[in-house]
>>> print(open('data-v6.csv').read())   # CSV, C-alpha atoms
chain,number,residue,atom,x,y,z
A,1024,MET,CA,22.4,23.8,-2.6
A,1025,LEU,CA,19.1,23.8,-0.7
A,1026,GLU,CA,17.5,24.3,-4.1
A,1027,TRP,CA,19.2,21.2,-5.4
A,1028,LEU,CA,18.0,19.3,-2.3
A,1029,TYR,CA,14.5,20.4,-2.9
A,1030,TYR,CA,14.8,19.3,-6.6
A,1031,PHE,CA,16.0,15.8,-5.5
A,1032,VAL,CA,13.2,15.3,-3.0
A,1033,THR,CA,10.5,16.5,-5.3
A,1034,PHE,CA,11.3,14.0,-8.0
A,1035,THR,CA,12.0,11.2,-5.6
A,1036,ARG,CA,8.5,11.7,-4.3
A,1037,PHE,CA,7.1,11.2,-7.8
A,1038,SER,CA,8.9,7.8,-8.0
A,1039,PHE,CA,7.5,6.7,-4.6
A,1040,ARG,CA,4.0,7.7,-5.5
A,1041,HIS,CA,3.8,5.2,-8.3
A,1042,TRP,CA,6.3,2.5,-7.7
A,1043,ARG,CA,4.8,-0.8,-6.6
A,1044,THR,CA,1.9,0.7,-4.7
A,1045,TYR,CA,-0.9,-1.2,-2.9
A,1046,MET,CA,-3.3,-0.2,-5.7
A,1047,ILE,CA,-1.7,-2.4,-8.3
A,1048,ARG,CA,-1.2,-5.4,-6.1
A,1049,ALA,CA,-3.7,-7.6,-8.0
A,1050,THR,CA,-2.2,-6.8,-11.4
A,1051,SER,CA,1.4,-7.0,-10.2
A,1052,GLN,CA,0.9,-10.4,-8.7
A,1053,GLU,CA,-0.3,-11.6,-12.2
A,1054,LEU,CA,2.8,-10.2,-13.7
A,1055,GLY,CA,5.0,-11.8,-11.1
A,1056,ILE,CA,6.0,-8.6,-9.4
A,1057,ASN,CA,6.4,-9.2,-5.7
A,1058,GLY,CA,5.8,-5.9,-4.0
A,1059,ALA,CA,6.1,-7.5,-0.5
A,1060,SER,CA,9.5,-8.9,-1.2
A,1061,PRO,CA,12.3,-7.9,1.3
A,1062,HIS,CA,13.9,-6.1,-1.6
A,1063,CYS,CA,10.9,-3.8,-2.1
A,1064,VAL,CA,10.1,-3.4,1.6
A,1065,MET,CA,13.7,-2.4,2.2
A,1066,GLN,CA,13.6,0.3,-0.4
A,1067,TYR,CA,10.5,1.8,1.1
A,1068,ARG,CA,11.9,1.7,4.6
A,1069,ILE,CA,15.0,3.5,3.4
A,1070,ALA,CA,13.0,6.1,1.5
A,1071,ARG,CA,10.8,6.9,4.5
A,1072,THR,CA,13.9,7.5,6.6
A,1073,LEU,CA,15.8,9.5,4.1
A,1074,VAL,CA,13.3,11.7,2.3
A,1075,ALA,CA,13.0,15.0,4.2
A,1076,LYS,CA,9.4,15.5,5.2
A,1077,ASN,CA,9.0,19.2,5.6
A,1078,MET,CA,10.5,21.0,2.7
A,1079,ALA,CA,8.3,24.1,3.0
A,1080,ALA,CA,11.0,25.9,4.9
A,1081,ILE,CA,13.4,25.9,1.9
A,1082,SER,CA,10.8,26.3,-0.8
A,1083,THR,CA,11.7,30.0,-1.2
A,1084,TYR,CA,15.1,28.9,-2.7
A,1085,VAL,CA,13.6,27.1,-5.6
A,1086,HIS,CA,12.1,28.2,-8.9
A,1087,PRO,CA,8.3,28.6,-8.6
A,1088,VAL,CA,7.8,25.9,-11.3
A,1089,VAL,CA,9.6,23.4,-9.1
A,1090,GLN,CA,7.7,24.6,-6.0
A,1091,LEU,CA,4.3,24.2,-7.8
A,1092,LEU,CA,5.3,20.8,-9.1
A,1093,ALA,CA,6.1,19.7,-5.6
A,1094,ASP,CA,2.5,20.8,-4.7
A,1095,VAL,CA,1.1,18.8,-7.6
A,1096,LEU,CA,3.0,15.8,-6.5
A,1097,ASP,CA,1.5,16.2,-3.1
A,1098,THR,CA,-2.1,15.9,-4.3
A,1099,ARG,CA,-4.4,13.0,-3.5
A,1100,LEU,CA,-4.0,10.0,-5.8
A,1101,TYR,CA,-7.2,8.2,-5.7
A,1102,ALA,CA,-10.9,9.1,-6.0
A,1103,PHE,CA,-11.9,6.9,-3.1
A,1104,ASP,CA,-10.0,9.1,-0.7
A,1105,PRO,CA,-12.5,10.5,1.7
A,1106,HIS,CA,-11.6,14.1,1.0
A,1107,TYR,CA,-11.2,13.7,-2.7
A,1108,HIS,CA,-14.6,15.0,-3.7
A,1109,SER,CA,-14.8,17.8,-1.1
A,1110,VAL,CA,-15.4,21.3,-2.5
A,1111,GLU,CA,-12.3,22.6,-0.8
A,1112,TYR,CA,-10.0,20.0,-2.3
A,1113,GLN,CA,-11.4,20.4,-5.8
A,1114,GLN,CA,-11.0,24.1,-5.4
A,1115,SER,CA,-7.4,23.6,-4.4
A,1116,LEU,CA,-6.8,21.7,-7.6
A,1117,ASP,CA,-8.4,24.5,-9.6
A,1118,ASP,CA,-6.1,27.0,-7.8
A,1119,LEU,CA,-3.0,24.8,-8.5
A,1120,LYS,CA,-3.9,24.6,-12.2
A,1121,VAL,CA,-4.4,28.4,-12.5
A,1122,ARG,CA,-1.1,29.1,-10.7
A,1123,LEU,CA,0.8,26.6,-12.9
A,1124,SER,CA,-0.9,28.0,-16.1
A,1125,ASP,CA,-0.2,31.6,-15.2
A,1126,ILE,CA,3.4,31.3,-14.0
A,1127,GLU,CA,5.9,33.1,-16.2
A,1128,VAL,CA,9.0,31.3,-17.3
A,1129,VAL,CA,11.7,33.9,-17.9
A,1130,SER,CA,13.4,33.7,-21.2
A,1131,HIS,CA,17.0,34.8,-21.7
A,1132,LYS,CA,18.8,35.7,-24.9
A,1133,ASP,CA,21.8,33.5,-24.1
A,1134,GLY,CA,21.7,30.1,-25.8
A,1135,GLU,CA,22.2,28.0,-22.8
A,1136,ASP,CA,19.9,30.0,-20.6
A,1137,ASP,CA,17.3,29.8,-23.3
A,1138,ASP,CA,17.5,26.0,-23.1
A,1139,GLN,CA,17.0,26.3,-19.4
A,1140,SER,CA,13.9,28.4,-19.9
A,1141,ARG,CA,12.5,25.8,-22.3
A,1142,CYS,CA,13.3,23.0,-19.8
A,1143,LEU,CA,11.3,25.0,-17.2
A,1144,GLU,CA,8.4,25.4,-19.7
A,1145,LEU,CA,8.5,21.7,-20.5
A,1146,THR,CA,8.4,20.8,-16.9
A,1147,ARG,CA,5.5,23.3,-16.4
A,1148,LEU,CA,3.5,21.6,-19.2
A,1149,ALA,CA,4.3,18.1,-17.8
A,1150,GLY,CA,3.1,19.3,-14.4
A,1151,LEU,CA,-0.2,20.5,-16.0
A,1152,MET,CA,-0.6,17.1,-17.8
A,1153,TYR,CA,0.1,15.2,-14.6
A,1154,LEU,CA,-2.3,17.4,-12.6
A,1155,GLU,CA,-5.1,16.7,-15.2
A,1156,ARG,CA,-4.3,13.0,-15.6
A,1157,VAL,CA,-3.5,11.9,-12.1
A,1158,SER,CA,-4.8,14.5,-9.7
A,1159,ARG,CA,-8.1,14.8,-11.7
A,1160,ASN,CA,-8.0,11.1,-12.5
A,1161,PHE,CA,-8.8,11.8,-16.1
A,1162,SER,CA,-7.9,9.1,-18.7
A,1163,GLY,CA,-9.7,10.4,-21.8
A,1164,GLU,CA,-8.8,12.9,-24.5
A,1165,SER,CA,-9.2,16.7,-24.3
A,1166,THR,CA,-8.3,19.7,-26.4
A,1167,ARG,CA,-6.4,21.1,-23.4
A,1168,LEU,CA,-4.2,18.0,-23.1
A,1169,GLU,CA,-3.7,18.0,-26.8
A,1170,SER,CA,-2.6,21.6,-26.8
A,1171,TRP,CA,-0.1,21.0,-23.9
A,1172,LYS,CA,1.3,18.0,-25.6
A,1173,LYS,CA,1.7,19.8,-28.9
A,1174,ASP,CA,3.6,22.6,-27.1
A,1175,ALA,CA,5.8,20.1,-25.2
A,1176,VAL,CA,6.6,18.0,-28.3
A,1177,SER,CA,7.6,21.2,-30.1
A,1178,ILE,CA,10.0,22.1,-27.3
A,1179,LEU,CA,11.5,18.6,-27.4
A,1180,ALA,CA,12.0,18.8,-31.1
A,1181,SER,CA,14.8,21.4,-30.7
A,1182,LEU,CA,16.0,21.1,-27.1
A,1183,ASN,CA,19.7,20.6,-26.7
A,1184,THR,CA,19.9,19.9,-23.0
A,1185,TYR,CA,18.4,17.3,-20.8
A,1186,PRO,CA,15.3,18.4,-18.8
A,1187,PRO,CA,14.2,16.5,-15.7
A,1188,SER,CA,13.3,12.9,-16.6
A,1189,PHE,CA,9.9,13.5,-15.0
A,1190,ALA,CA,9.0,15.9,-17.8
A,1191,VAL,CA,10.3,13.7,-20.6
A,1192,PHE,CA,8.5,10.7,-19.2
A,1193,ILE,CA,5.1,12.4,-18.7
A,1194,VAL,CA,5.2,14.0,-22.1
A,1195,GLY,CA,6.4,10.7,-23.6
A,1196,CYS,CA,3.3,8.9,-22.1
A,1197,GLU,CA,1.1,11.3,-24.1
A,1198,THR,CA,2.7,10.7,-27.5
A,1199,HIS,CA,0.7,8.1,-29.4
A,1200,THR,CA,1.3,8.9,-33.1
A,1201,ASP,CA,4.3,7.9,-35.1
A,1202,GLU,CA,5.3,11.5,-35.8
A,1203,GLU,CA,5.3,12.4,-32.1
A,1204,ARG,CA,7.2,9.3,-31.1
A,1205,MET,CA,9.8,10.1,-33.8
A,1206,VAL,CA,10.3,13.5,-32.2
A,1207,MET,CA,10.9,11.7,-28.9
A,1208,LEU,CA,13.3,9.2,-30.3
A,1209,ASP,CA,15.2,11.9,-32.2
A,1210,PHE,CA,15.5,13.8,-29.0
A,1211,PHE,CA,16.9,10.8,-27.2
A,1212,THR,CA,19.3,10.1,-30.0
A,1213,ARG,CA,20.5,13.7,-30.2
A,1214,LEU,CA,21.1,13.9,-26.4
A,1215,GLU,CA,22.9,10.6,-26.3
A,1216,GLN,CA,25.7,12.3,-28.3
A,1217,HIS,CA,26.2,14.7,-25.4
A,1218,PRO,CA,27.8,13.9,-22.0
A,1219,GLN,CA,24.8,12.8,-19.9
A,1220,LEU,CA,24.0,10.8,-16.8
A,1221,ASN,CA,22.4,7.5,-17.4
A,1222,SER,CA,19.0,9.0,-16.3
A,1223,LEU,CA,18.5,9.7,-20.0
A,1224,LEU,CA,18.7,6.0,-20.9
A,1225,GLU,CA,16.4,5.1,-18.0
A,1226,ALA,CA,13.8,7.7,-19.1
A,1227,LYS,CA,14.0,6.4,-22.7
A,1228,GLY,CA,13.4,2.8,-21.5
A,1229,LEU,CA,10.4,3.9,-19.3
A,1230,VAL,CA,8.8,5.9,-22.2
A,1231,GLN,CA,9.1,2.9,-24.5
A,1232,THR,CA,7.5,0.7,-21.8
A,1233,ALA,CA,4.7,3.2,-21.6
A,1234,TRP,CA,4.2,3.1,-25.4
A,1235,ILE,CA,4.1,-0.7,-25.3
A,1236,GLN,CA,1.6,-0.6,-22.5
A,1237,HIS,CA,-0.6,1.9,-24.3
A,1238,ASP,CA,-0.4,0.1,-27.7
A,1239,LEU,CA,-1.2,-3.4,-26.3
A,1240,GLY,CA,-4.0,-2.2,-23.9
A,1241,ALA,CA,-7.6,-2.3,-25.1
A,1242,GLU,CA,-9.3,1.1,-25.1
A,1243,GLY,CA,-10.5,1.9,-21.7
A,1244,GLU,CA,-9.1,-1.2,-20.1
A,1245,LEU,CA,-6.9,0.5,-17.6
A,1246,ASP,CA,-7.0,4.1,-16.3
A,1247,TYR,CA,-4.1,6.4,-16.6
A,1248,ILE,CA,-2.9,6.1,-13.0
A,1249,HIS,CA,-3.0,2.4,-13.2
A,1250,LYS,CA,-0.9,2.4,-16.3
A,1251,LEU,CA,1.6,4.8,-14.8
A,1252,ASN,CA,1.9,2.6,-11.7
A,1253,LEU,CA,2.5,-0.5,-13.8
A,1254,VAL,CA,5.1,1.1,-16.0
A,1255,LEU,CA,7.1,2.3,-13.0
A,1256,SER,CA,6.6,-0.9,-11.1
A,1257,SER,CA,8.0,-2.9,-14.0
A,1258,ARG,CA,11.5,-1.9,-12.8
A,1259,ASN,CA,13.0,-3.7,-9.8
A,1260,VAL,CA,14.8,-0.6,-8.6
A,1261,ILE,CA,12.9,2.6,-8.0
A,1262,PRO,CA,13.3,4.6,-11.2
A,1263,SER,CA,15.0,8.0,-10.9
A,1264,PHE,CA,13.3,11.0,-12.4
A,1265,MET,CA,15.9,13.7,-11.7
B,1107,MET,CA,30.9,16.9,-15.3
B,1108,ILE,CA,30.0,20.3,-13.9
B,1109,GLY,CA,27.4,20.9,-16.6
B,1110,ILE,CA,25.6,17.6,-16.4
B,1111,LEU,CA,24.3,17.7,-12.8
B,1112,PRO,CA,20.6,17.7,-12.9
B,1113,THR,CA,19.0,20.9,-11.9
B,1114,LEU,CA,16.2,23.2,-13.0
B,1115,GLY,CA,15.6,26.9,-12.8
B,1116,ARG,CA,19.2,28.1,-12.4
B,1117,GLU,CA,22.2,28.2,-14.6
B,1118,LYS,CA,22.9,24.6,-15.5
B,1119,ALA,CA,26.5,24.7,-14.3
B,1120,GLY,CA,25.8,26.7,-11.1
B,1121,VAL,CA,25.4,23.6,-8.8
B,1122,GLY,CA,28.5,22.0,-10.3
B,1123,ARG,CA,30.6,25.0,-9.8
B,1124,LEU,CA,29.4,25.5,-6.2
B,1125,SER,CA,30.0,21.8,-5.4
B,1126,LEU,CA,33.6,22.1,-6.8
B,1127,ARG,CA,34.3,25.2,-4.7
B,1128,MET,CA,33.1,23.5,-1.6
B,1129,ALA,CA,34.9,20.3,-2.4
B,1130,LEU,CA,38.2,22.0,-3.1
B,1131,SER,CA,38.0,24.3,0.0
B,1132,GLY,CA,39.2,21.4,2.2
B,1133,ARG,CA,37.8,23.4,5.1
B,1134,SER,CA,36.1,20.4,6.8
B,1135,LYS,CA,35.8,16.7,6.8
B,1136,ALA,CA,32.5,17.1,4.9
B,1137,SER,CA,34.2,19.1,2.1
B,1138,LYS,CA,36.8,16.3,1.8
B,1139,ALA,CA,33.9,13.8,1.6
B,1140,LEU,CA,32.4,15.9,-1.1
B,1141,LEU,CA,35.6,16.0,-3.1
B,1142,LEU,CA,35.8,12.2,-3.0
B,1143,SER,CA,32.1,11.9,-4.1
B,1144,VAL,CA,32.8,14.3,-7.0
B,1145,VAL,CA,35.8,12.1,-8.0
B,1146,ALA,CA,33.5,9.0,-7.8
B,1147,LEU,CA,30.9,10.7,-10.0
B,1148,ALA,CA,33.4,11.9,-12.6
B,1149,SER,CA,35.0,8.4,-12.6
B,1150,ARG,CA,31.7,6.6,-13.0
B,1151,HIS,CA,30.6,9.0,-15.7
B,1152,ARG,CA,33.8,8.5,-17.7
B,1153,GLY,CA,33.1,4.8,-17.3
B,1154,HIS,CA,36.7,3.7,-18.1
B,1155,ASN,CA,37.4,2.1,-14.7
B,1156,ALA,CA,34.6,0.8,-12.6
B,1157,VAL,CA,37.0,-0.3,-9.8
B,1158,HIS,CA,38.4,3.2,-9.5
B,1159,ALA,CA,34.9,4.6,-9.3
B,1160,ALA,CA,33.9,2.1,-6.6
B,1161,ARG,CA,37.1,2.9,-4.7
B,1162,ALA,CA,36.4,6.6,-4.8
B,1163,LYS,CA,32.7,6.0,-3.8
B,1164,ASN,CA,33.7,3.9,-0.8
B,1165,ALA,CA,36.3,6.4,0.3
B,1166,ALA,CA,33.6,9.2,0.0
B,1167,ILE,CA,31.2,7.2,2.2
B,1168,ASP,CA,33.9,6.5,4.8
B,1169,ALA,CA,34.7,10.3,4.8
B,1170,LEU,CA,31.0,11.1,5.0
B,1171,ILE,CA,30.5,8.8,8.0
B,1172,SER,CA,33.4,10.3,9.9
B,1173,ALA,CA,32.3,13.8,9.0
B,1174,THR,CA,28.8,13.2,10.5
B,1175,SER,CA,28.4,14.9,13.8
B,1176,SER,CA,25.9,17.0,15.8
B,1177,GLU,CA,28.7,19.6,16.0
B,1178,MET,CA,28.6,20.3,12.3
B,1179,ASP,CA,28.3,24.0,11.5
B,1180,HIS,CA,25.9,25.2,8.8
B,1181,ASP,CA,28.6,25.2,6.1
B,1182,ALA,CA,29.6,21.6,6.9
B,1183,SER,CA,25.9,20.5,6.9
B,1184,ILE,CA,25.5,21.9,3.4
B,1185,GLU,CA,28.7,20.1,2.3
B,1186,HIS,CA,27.3,17.0,3.9
B,1187,ILE,CA,24.1,17.3,1.9
B,1188,ALA,CA,26.0,17.9,-1.3
B,1189,THR,CA,28.0,14.8,-0.7
B,1190,GLY,CA,24.9,12.7,-0.1
B,1191,LEU,CA,23.2,14.0,-3.3
B,1192,THR,CA,26.3,13.5,-5.3
B,1193,LEU,CA,26.6,9.9,-4.1
B,1194,CYS,CA,22.9,9.5,-5.1
B,1195,LEU,CA,23.9,10.5,-8.6
B,1196,VAL,CA,26.8,8.1,-8.5
B,1197,GLU,CA,24.3,5.3,-8.0
B,1198,VAL,CA,21.8,6.6,-10.5
B,1199,SER,CA,24.5,7.0,-13.1
B,1200,THR,CA,25.1,3.3,-13.0
B,1201,HIS,CA,22.9,1.5,-15.5
B,1202,PRO,CA,19.7,0.5,-13.8
B,1203,GLU,CA,20.1,-3.2,-14.7
B,1204,LYS,CA,23.4,-3.2,-12.9
B,1205,THR,CA,22.0,-1.6,-9.7
B,1206,ARG,CA,19.2,-4.0,-8.9
B,1207,THR,CA,20.5,-4.7,-5.5
B,1208,ARG,CA,21.9,-1.3,-4.7
B,1209,LEU,CA,19.4,-0.7,-1.9
B,1210,THR,CA,19.2,-4.2,-0.6
B,1211,HIS,CA,21.8,-3.9,2.1
B,1212,TYR,CA,22.3,-1.4,4.8
B,1213,ARG,CA,23.7,-0.9,8.3
B,1214,HIS,CA,22.2,0.3,11.5
B,1215,ASN,CA,23.3,2.9,14.1
B,1216,HIS,CA,24.7,5.6,12.0
B,1217,ARG,CA,23.5,9.2,12.1
B,1218,PRO,CA,21.3,9.7,9.0
B,1219,ILE,CA,21.7,12.1,6.2
B,1220,SER,CA,18.3,13.4,7.3
B,1221,THR,CA,20.1,14.9,10.3
B,1222,ALA,CA,22.2,17.0,8.0
B,1223,ILE,CA,19.1,18.0,6.0
B,1224,GLY,CA,17.5,19.0,9.2
B,1225,LEU,CA,20.5,21.1,10.2
B,1226,ALA,CA,20.5,22.8,6.8
B,1227,ILE,CA,16.8,23.5,6.9
B,1228,SER,CA,17.2,24.9,10.4
B,1229,ALA,CA,20.0,27.1,9.2
B,1230,ALA,CA,17.8,28.4,6.5
B,1231,ARG,CA,15.0,29.1,9.0
B,1232,GLY,CA,17.4,30.5,11.6
B,1233,THR,CA,16.3,28.0,14.2
B,1234,SER,CA,18.2,25.2,15.9
B,1235,TYR,CA,17.6,21.6,14.8
B,1236,PRO,CA,17.0,19.4,17.8
B,1237,PRO,CA,19.9,17.0,18.3
B,1238,SER,CA,18.9,13.6,17.1
B,1239,ASN,CA,19.7,10.5,19.1
B,1240,ARG,CA,17.4,8.3,16.9
B,1241,LYS,CA,19.0,5.4,15.3
B,1242,HIS,CA,18.5,5.4,11.6
B,1243,THR,CA,20.0,3.8,8.5
B,1244,THR,CA,22.3,6.1,6.6
B,1245,LEU,CA,22.5,6.6,2.9
B,1246,ALA,CA,26.2,6.4,3.3
B,1247,ALA,CA,26.3,3.1,5.1
B,1248,MET,CA,23.7,1.7,2.7
B,1249,GLN,CA,25.6,2.7,-0.4
B,1250,ARG,CA,28.9,1.5,1.0
B,1251,SER,CA,27.6,-2.0,1.4
B,1252,CYS,CA,26.4,-2.3,-2.2
>>> encode(input="data-v6.csv", output="C-alpha cells")
Amino acid sequence: MLEWLYYFVTFTRFSFRHWRTYMIRATSQELGINGASPHCVMQYRIARTLVAKNMAAISTYVHPVVQLLADVLDTRLYAFDPHYHSVEYQQSLDDLKVRLSDIEVVSHKDGEDDDQSRCLELTRLAGLMYLERVSRNFSGESTRLESWKKDAVSILASLNTYPPSFAVFIVGCETHTDEERMVMLDFFTRLEQHPQLNSLLEAKGLVQTAWIQHDLGAEGELDYIHKLNLVLSSRNVIPSFM
Amino acid sequence: MIGILPTLGREKAGVGRLSLRMALSGRSKASKALLLSVVALASRHRGHNAVHAARAKNAAIDALISATSSEMDHDASIEHIATGLTLCLVEVSTHPEKTRTRLTHYRHNHRPISTAIGLAISAARGTSYPPSNRKHTTLAAMQRSC
C-alpha cells in the first residue's frame, strides 16, 4: 500500500510541475487562462497540504523504475536556476540517466506479467525522454530520442493494458508522423474496449492537444518545457497522470 | 474493478486484492471507510447510477472523518491511506469536464490525510510520528463538499 502511495505522489508531482506555472504567465494571460484565480490558488494550496513531502523513507517499497522516475521529477526545471549549470548538478543528471538506462526490467513468461514488464519499460523510456527534454532543456532532435521513441511506440503497438498516463503522454508528445500517431490512436481505441478508469480518456485528450500545439507552432517558436506547460495548463482542473 | 487500479511494478491486481481484504475485514472504522470508498469507485466505474456513486462517496468521507484519530494504529493508518487514494480515484474517474469545480470547496479544522501518511511512513521507519495539532484542510472534507 505504501508503494501505491508513492506511485500516486510521484505522478501528482508531475502534474504540479507543469500546471499553470509562473513561467507561462505571459502566454497564459493571452490565452485567457487565469492562473491567479481563486480556483487555481485553491488547488495549489490543497496540493501543498496533501502531498507528502518526504517519500524517501518508503522508497524501498517501490520498483526502482518508479523510484528513479521520482528522482527525475525532482530535477530543476529551468536553466536560469542558480545551481542549474553547476558541475555537481550536471553530473547528477548524467548519473540519473545512466541509472535509468542500465536498470533491468524483469520479464515474466505469464501474459499479464509480461504486459506489466512492458509498462515498466515504457515508463522507463518516458523517464529518459523527460530527463532529456525537460531536465536537460533540450527541444531539438537527436538519434537517442528517436531510438527511445521507436522502442516506446513499438511497445504501445501491442500493449493490452493501460500504463501510467505519464508514460503515454510523454511518448505521445514525441510522435509527429502519421504512422506513429496511428499507433497511438489504435492503442487508445483498443484499450477503450477494456474496463478502464477515465484517465485513459484524459491522457488521449492531452496527447491530442500536444499534437495540435506541435503542428500549429512554428519551428523553434516555443521550447519543449513551455509547450508542456501550456498543454497541461489548458485544463481547468489539474490533469491526473496515474 | 480489482484489475484496473493504477499501479506499476507489481502484479496489476495486487493492490485491488489487498484493498478488498482490508475493506472486508471490518476491523476498524478506517476499514469500513475503505469499503465504502471501494463501493463508490465500483459504482462510479459502472456509471449506471451517479446518485448511488455520490451517496457511497459521501458515506465514505463521513466514515473517513470519523476514523481519523491520533490513536490510529499502523494497520488503521494504512487503511486510512487506502481510503484516501481510492477516493482520489473516484474523483479522477469522473470525466474531467464534469469535475471542474471538484477542488474549489473545502472545509477547515479536520485532521489531514497527511497525518495518516505520516503515521504510515513512521510505521515503515519504525519511529513515532509526532502528534499533529496543526489545522489543515482534509481531502475528505474537500471531496465531500464537491
>>> closest_residue(input="data-v6.csv", among="B:Thr1113, B:Ser1149, B:Thr1192, B:Thr1174", to="chain A", atoms="only C-alpha atoms")
B:Thr1113
>>> atom_distance(input="data-v6.csv", atom1="CA of Ser1176 (chain B)", atom2="CA of Leu1147 (chain B)")
27.0 Å
>>> closest_residue(input="data-v6.csv", among="A:Val1085, A:Ala1180, A:Met1265, A:Ile1193", to="Arg1213 (chain A)", atoms="all atoms listed in the file")
A:Ala1180
>>> residues_around(input="data-v6.csv", residues="Val1144 (chain B)", least_positions_apart="6", cutoff="8 Å", atoms="all atoms listed in the file", output="ChimeraX atom specification")
/B:1126,1129,1189,1192
>>> write_last_selection(input="data-v6.csv", atoms="C-alpha atoms", output="JSON list (two decimals), in the coordinates of the input")
[["chain", "number", "residue", "atom", "x", "y", "z"],
["B", 1126, "LEU", "CA", 33.60, 22.10, -6.80],
["B", 1129, "ALA", "CA", 34.90, 20.30, -2.40],
["B", 1189, "THR", "CA", 28.00, 14.80, -0.70],
["B", 1192, "THR", "CA", 26.30, 13.50, -5.30]]
>>> atom_distance(input="data-v6.csv", atom1="CA of Ser1158 (chain A)", atom2="CA of Asp1246 (chain A)")
12.5 Å
>>> atom_distance(input="data-v6.csv", atom1="CA of Lys1163 (chain B)", atom2="CA of Asp1181 (chain B)")
22.0 Å
>>> residues_around(input="data-v6.csv", residues="Arg1167 (chain A)", least_positions_apart="6", cutoff="10 Å", atoms="all atoms listed in the file", output="list in words")
Leu1151, Met1152, Glu1155 and Lys1173 of chain A
